[in-house]
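Colleague: This is the structure, below, for whatever I ask next.
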Amino acid sequence: MQASRVLPIVGAFLGGLALVFGVVLLVTNGPLRSATQAVEIGGPFRLTDQDGHTVSDQDFKGKPLLVFFGFTHCPDICPTTLFDVSEVLRKLGPDADRVGAIYVTVDPERDTSATLKDYMASFDPHLRGLTGDADAIQAIAKEYRVYYKKVPLQDGDYTMDHTAIVYLMGKDGHFIAPFSLKRSPEVAAADLRKYL
């Protein structure tokens, strides 16, 4: 008697579960993504460096690549991060030639190649500053899942809000992990050497 009552309830539950799963498949246009499946970060880009040369993702194939987004009018986070990256590159010694390191502006309106050339002169020469038109910057920011936004100031000027992560990309161009600078340059350089 009890089994005859439970079976319809279990059947209704399983039917409802199948219906929910079917709706999810329709809405997401495919199977559910596994929780362990990595989100793609990074991708192709074509920008201009501080010397006016065209630079693309292909220029860094076969090297680990550090990628940081910022802007030259940034008062603290950007110059501090670039200084820290410079220290890591310095600690690599000759191995720094086997690593790529780029600083991509999120403020192409002000950060021309000439502006970047002056700015990048304060940091390790292995670091390349990259700019482009607004569409090119938006495209690479989307590839790296970088947030940035112009924020007006009271004096009529503006600043930029932006993601402040150093991305470590592998020799194959795929994202490895955020690269931590909250450690000594020696330790960070030793970590980076693992990917050469």
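Please note that chains go A, B, ... in the order of the structure tokens, that every chain numbers its residues from 1, and that ligands are numbered from 1 in the order shown.
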I'd like the contact shell of A:Lys171 - 10 Å cut-off, only C-alpha atoms, skipping same-chain residues fewer than 2 positions apart - returned as a list in words.
Modeller: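 The residues satisfying every condition are Phe60, Lys61, Gly62, Lys63, Pro64, Leu65, Val99, Gly100, Leu168, Met169, Gly173, His174, Phe175, Ile176, Tyr195 and Leu196 of chain A.
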Colleague: Using only C-alpha atoms, find the one residue out of A:Ile41, A:Ala189, A:Val146, A:Val166 that sits nearest to A:Val88.
Modeller: A:Ala189
Colleague: List as a PDB file with N, CA and C atoms, in the first residue's frame the protein and nucleic acid residues near stretch 129-142 of chain A, meaning an atom at most 9 Å away when only C-alpha atoms are counted, but skip any in the same chain fewer than 6 places from it.
Modeller:
ATOM      1  N   ILE A  41      40.561  32.968 -20.590  1.00  0.00           N
ATOM      2  CA  ILE A  41      41.071  34.324 -20.379  1.00  0.00           C
ATOM      3  C   ILE A  41      42.199  34.526 -21.364  1.00  0.00           C
ATOM      4  N   GLY A  42      42.188  35.671 -22.033  1.00  0.00           N
ATOM      5  CA  GLY A  42      43.220  35.957 -23.033  1.00  0.00           C
ATOM      6  C   GLY A  42      42.718  35.620 -24.418  1.00  0.00           C
ATOM      7  N   GLY A  43      43.482  36.031 -25.400  1.00  0.00           N
ATOM      8  CA  GLY A  43      43.101  35.787 -26.781  1.00  0.00           C
ATOM      9  C   GLY A  43      43.899  36.681 -27.704  1.00  0.00           C
ATOM     10  N   PRO A  44      43.565  36.652 -28.977  1.00  0.00           N
ATOM     11  CA  PRO A  44      44.341  37.429 -29.943  1.00  0.00           C
ATOM     12  C   PRO A  44      44.179  38.933 -29.739  1.00  0.00           C
ATOM     13  N   PHE A  45      45.253  39.665 -30.015  1.00  0.00           N
ATOM     14  CA  PHE A  45      45.200  41.122 -29.994  1.00  0.00           C
ATOM     15  C   PHE A  45      46.224  41.675 -30.972  1.00  0.00           C
ATOM     16  N   ARG A  46      46.008  42.914 -31.357  1.00  0.00           N
ATOM     17  CA  ARG A  46      46.920  43.625 -32.268  1.00  0.00           C
ATOM     18  C   ARG A  46      46.905  45.080 -31.826  1.00  0.00           C
ATOM     19  N   LEU A  47      47.996  45.520 -31.201  1.00  0.00           N
ATOM     20  CA  LEU A  47      48.083  46.871 -30.656  1.00  0.00           C
ATOM     21  C   LEU A  47      49.392  47.531 -31.095  1.00  0.00           C
ATOM     22  N   THR A  48      49.651  48.724 -30.595  1.00  0.00           N
ATOM     23  CA  THR A  48      50.855  49.469 -30.944  1.00  0.00           C
ATOM     24  C   THR A  48      51.661  49.740 -29.686  1.00  0.00           C
ATOM     25  N   ASP A  49      52.988  49.505 -29.755  1.00  0.00           N
ATOM     26  CA  ASP A  49      53.799  49.717 -28.559  1.00  0.00           C
ATOM     27  C   ASP A  49      54.307  51.152 -28.478  1.00  0.00           C
ATOM     28  N   GLN A  50      55.106  51.425 -27.439  1.00  0.00           N
ATOM     29  CA  GLN A  50      55.576  52.785 -27.182  1.00  0.00           C
ATOM     30  C   GLN A  50      56.522  53.302 -28.266  1.00  0.00           C
ATOM     31  N   ASP A  51      57.025  52.398 -29.113  1.00  0.00           N
ATOM     32  CA  ASP A  51      57.904  52.819 -30.208  1.00  0.00           C
ATOM     33  C   ASP A  51      57.160  52.918 -31.535  1.00  0.00           C
ATOM     34  N   VAL A  55      52.236  45.215 -32.363  1.00  0.00           N
ATOM     35  CA  VAL A  55      52.507  44.069 -31.488  1.00  0.00           C
ATOM     36  C   VAL A  55      51.247  43.215 -31.445  1.00  0.00           C
ATOM     37  N   PHE A  69      46.899  45.683 -17.043  1.00  0.00           N
ATOM     38  CA  PHE A  69      46.124  46.773 -17.631  1.00  0.00           C
ATOM     39  C   PHE A  69      46.155  47.973 -16.694  1.00  0.00           C
ATOM     40  N   ALA A 101      56.428  40.798 -21.210  1.00  0.00           N
ATOM     41  CA  ALA A 101      55.735  41.595 -20.182  1.00  0.00           C
ATOM     42  C   ALA A 101      55.124  42.814 -20.856  1.00  0.00           C
ATOM     43  N   ILE A 102      53.799  42.947 -20.765  1.00  0.00           N
ATOM     44  CA  ILE A 102      53.125  44.069 -21.427  1.00  0.00           C
ATOM     45  C   ILE A 102      52.214  44.816 -20.457  1.00  0.00           C
ATOM     46  N   TYR A 103      52.132  46.100 -20.719  1.00  0.00           N
ATOM     47  CA  TYR A 103      51.273  47.019 -19.960  1.00  0.00           C
ATOM     48  C   TYR A 103      50.291  47.597 -20.971  1.00  0.00           C
ATOM     49  N   VAL A 104      49.032  47.231 -20.864  1.00  0.00           N
ATOM     50  CA  VAL A 104      48.013  47.658 -21.831  1.00  0.00           C
ATOM     51  C   VAL A 104      47.214  48.804 -21.241  1.00  0.00           C
ATOM     52  N   THR A 105      47.179  49.923 -21.938  1.00  0.00           N
ATOM     53  CA  THR A 105      46.425  51.062 -21.419  1.00  0.00           C
ATOM     54  C   THR A 105      44.918  50.822 -21.536  1.00  0.00           C
ATOM     55  N   VAL A 106      44.180  51.329 -20.551  1.00  0.00           N
ATOM     56  CA  VAL A 106      42.723  51.344 -20.628  1.00  0.00           C
ATOM     57  C   VAL A 106      42.256  52.783 -20.883  1.00  0.00           C
ATOM     58  N   ASP A 107      43.220  53.650 -21.225  1.00  0.00           N
ATOM     59  CA  ASP A 107      42.938  55.072 -21.469  1.00  0.00           C
ATOM     60  C   ASP A 107      43.588  55.506 -22.789  1.00  0.00           C
ATOM     61  N   PRO A 108      43.141  54.916 -23.907  1.00  0.00           N
ATOM     62  CA  PRO A 108      43.785  55.223 -25.182  1.00  0.00           C
ATOM     63  C   PRO A 108      43.621  56.683 -25.615  1.00  0.00           C
ATOM     64  N   GLU A 109      42.622  57.349 -25.045  1.00  0.00           N
ATOM     65  CA  GLU A 109      42.391  58.762 -25.365  1.00  0.00           C
ATOM     66  C   GLU A 109      43.617  59.610 -24.999  1.00  0.00           C
ATOM     67  N   ASP A 111      46.657  58.004 -23.611  1.00  0.00           N
ATOM     68  CA  ASP A 111      47.891  57.217 -23.682  1.00  0.00           C
ATOM     69  C   ASP A 111      48.262  56.851 -25.114  1.00  0.00           C
ATOM     70  N   THR A 112      48.883  57.807 -25.786  1.00  0.00           N
ATOM     71  CA  THR A 112      49.405  57.574 -27.130  1.00  0.00           C
ATOM     72  C   THR A 112      50.737  56.832 -27.009  1.00  0.00           C
ATOM     73  N   SER A 113      51.291  56.422 -28.131  1.00  0.00           N
ATOM     74  CA  SER A 113      52.608  55.771 -28.110  1.00  0.00           C
ATOM     75  C   SER A 113      53.657  56.690 -27.498  1.00  0.00           C
ATOM     76  N   LEU A 116      53.250  56.808 -23.753  1.00  0.00           N
ATOM     77  CA  LEU A 116      53.731  55.550 -23.189  1.00  0.00           C
ATOM     78  C   LEU A 116      55.251  55.477 -23.211  1.00  0.00           C
ATOM     79  N   LYS A 117      55.862  56.010 -24.259  1.00  0.00           N
ATOM     80  CA  LYS A 117      57.331  55.967 -24.349  1.00  0.00           C
ATOM     81  C   LYS A 117      57.955  56.697 -23.165  1.00  0.00           C
ATOM     82  N   TYR A 119      56.521  57.346 -20.268  1.00  0.00           N
ATOM     83  CA  TYR A 119      56.120  56.659 -19.038  1.00  0.00           C
ATOM     84  C   TYR A 119      56.922  55.376 -18.818  1.00  0.00           C
ATOM     85  N   MET A 120      57.074  54.580 -19.875  1.00  0.00           N
ATOM     86  CA  MET A 120      57.733  53.282 -19.747  1.00  0.00           C
ATOM     87  C   MET A 120      59.231  53.412 -19.515  1.00  0.00           C
ATOM     88  N   TYR A 148      36.964  48.173 -16.972  1.00  0.00           N
ATOM     89  CA  TYR A 148      37.505  49.533 -16.906  1.00  0.00           C
ATOM     90  C   TYR A 148      36.393  50.529 -17.218  1.00  0.00           C
TER      91      TYR A 148
END
Colleague: Between atom CA of A:Thr72 and atom CA of A:Phe123, measure the distance and give it in Å to one decimal.
Modeller: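 Here the two named atoms are 12.4 Å from each other.
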Colleague: Apply DSSP to the structure's backbone, then extract all residues of stretch 52-173 of chain A labelled strand (DSSP E or B) and return them as a ChimeraX atom specification.
Modeller: /A:54-56,65-70,100-105,127-131,148-152,158-162,166-169
Colleague: Could you please determine the separation between atom CA of A:His126 and atom CA of A:Leu82 in Å, to one decimal place?
Modeller: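 Taking atom CA of A:His126 and atom CA of A:Leu82, their separation equals 11.1 Å.
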Colleague: Between atom CA of A:Gly93 and atom CA of A:Ser122, what is the spacing in Å?
Modeller: 18.0 Å
Colleague: For A:Lys150, find every residue with an atom within 8 Å (counting only C-alpha atoms), except residues of its own chain fewer than 3 positions away, and show them as an MDAnalysis selection string.
Modeller: chainID A and resid 158:161
Colleague: Keeping only N, CA and C atoms, write the selected residues as a PDB file, in the first residue's frame.
Modeller:
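result-v2.pdb, written as the output of this step:
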ATOM      1  N   TYR A 158      39.403  63.441 -15.641  1.00  0.00           N
ATOM      2  CA  TYR A 158      38.845  62.127 -15.329  1.00  0.00           C
ATOM      3  C   TYR A 158      39.956  61.183 -14.895  1.00  0.00           C
ATOM      4  N   THR A 159      39.542  60.108 -14.252  1.00  0.00           N
ATOM      5  CA  THR A 159      40.436  59.015 -13.912  1.00  0.00           C
ATOM      6  C   THR A 159      39.811  57.740 -14.463  1.00  0.00           C
ATOM      7  N   MET A 160      40.480  56.619 -14.257  1.00  0.00           N
ATOM      8  CA  MET A 160      39.963  55.352 -14.766  1.00  0.00           C
ATOM      9  C   MET A 160      39.896  54.330 -13.635  1.00  0.00           C
ATOM     10  N   ASP A 161      38.735  53.697 -13.504  1.00  0.00           N
ATOM     11  CA  ASP A 161      38.611  52.511 -12.654  1.00  0.00           C
ATOM     12  C   ASP A 161      39.000  51.325 -13.531  1.00  0.00           C
TER      13      ASP A 161
END
Colleague: Residues within 7 Å of A:His162, please, as a list of chain:residue names. Count only C-alpha atoms; anything in the same chain fewer than 4 positions from it doesn't count.
Modeller: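 Those residues are A:Gly70, A:Tyr147, A:Tyr148, A:Lys149.
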Colleague: Would you return as a ChimeraX atom specification the members of chain A that DSSP assigns to alpha helix (DSSP H) on this structure's backbone?
Modeller: /A:2-28,77-92,113-120,134-143,185-193
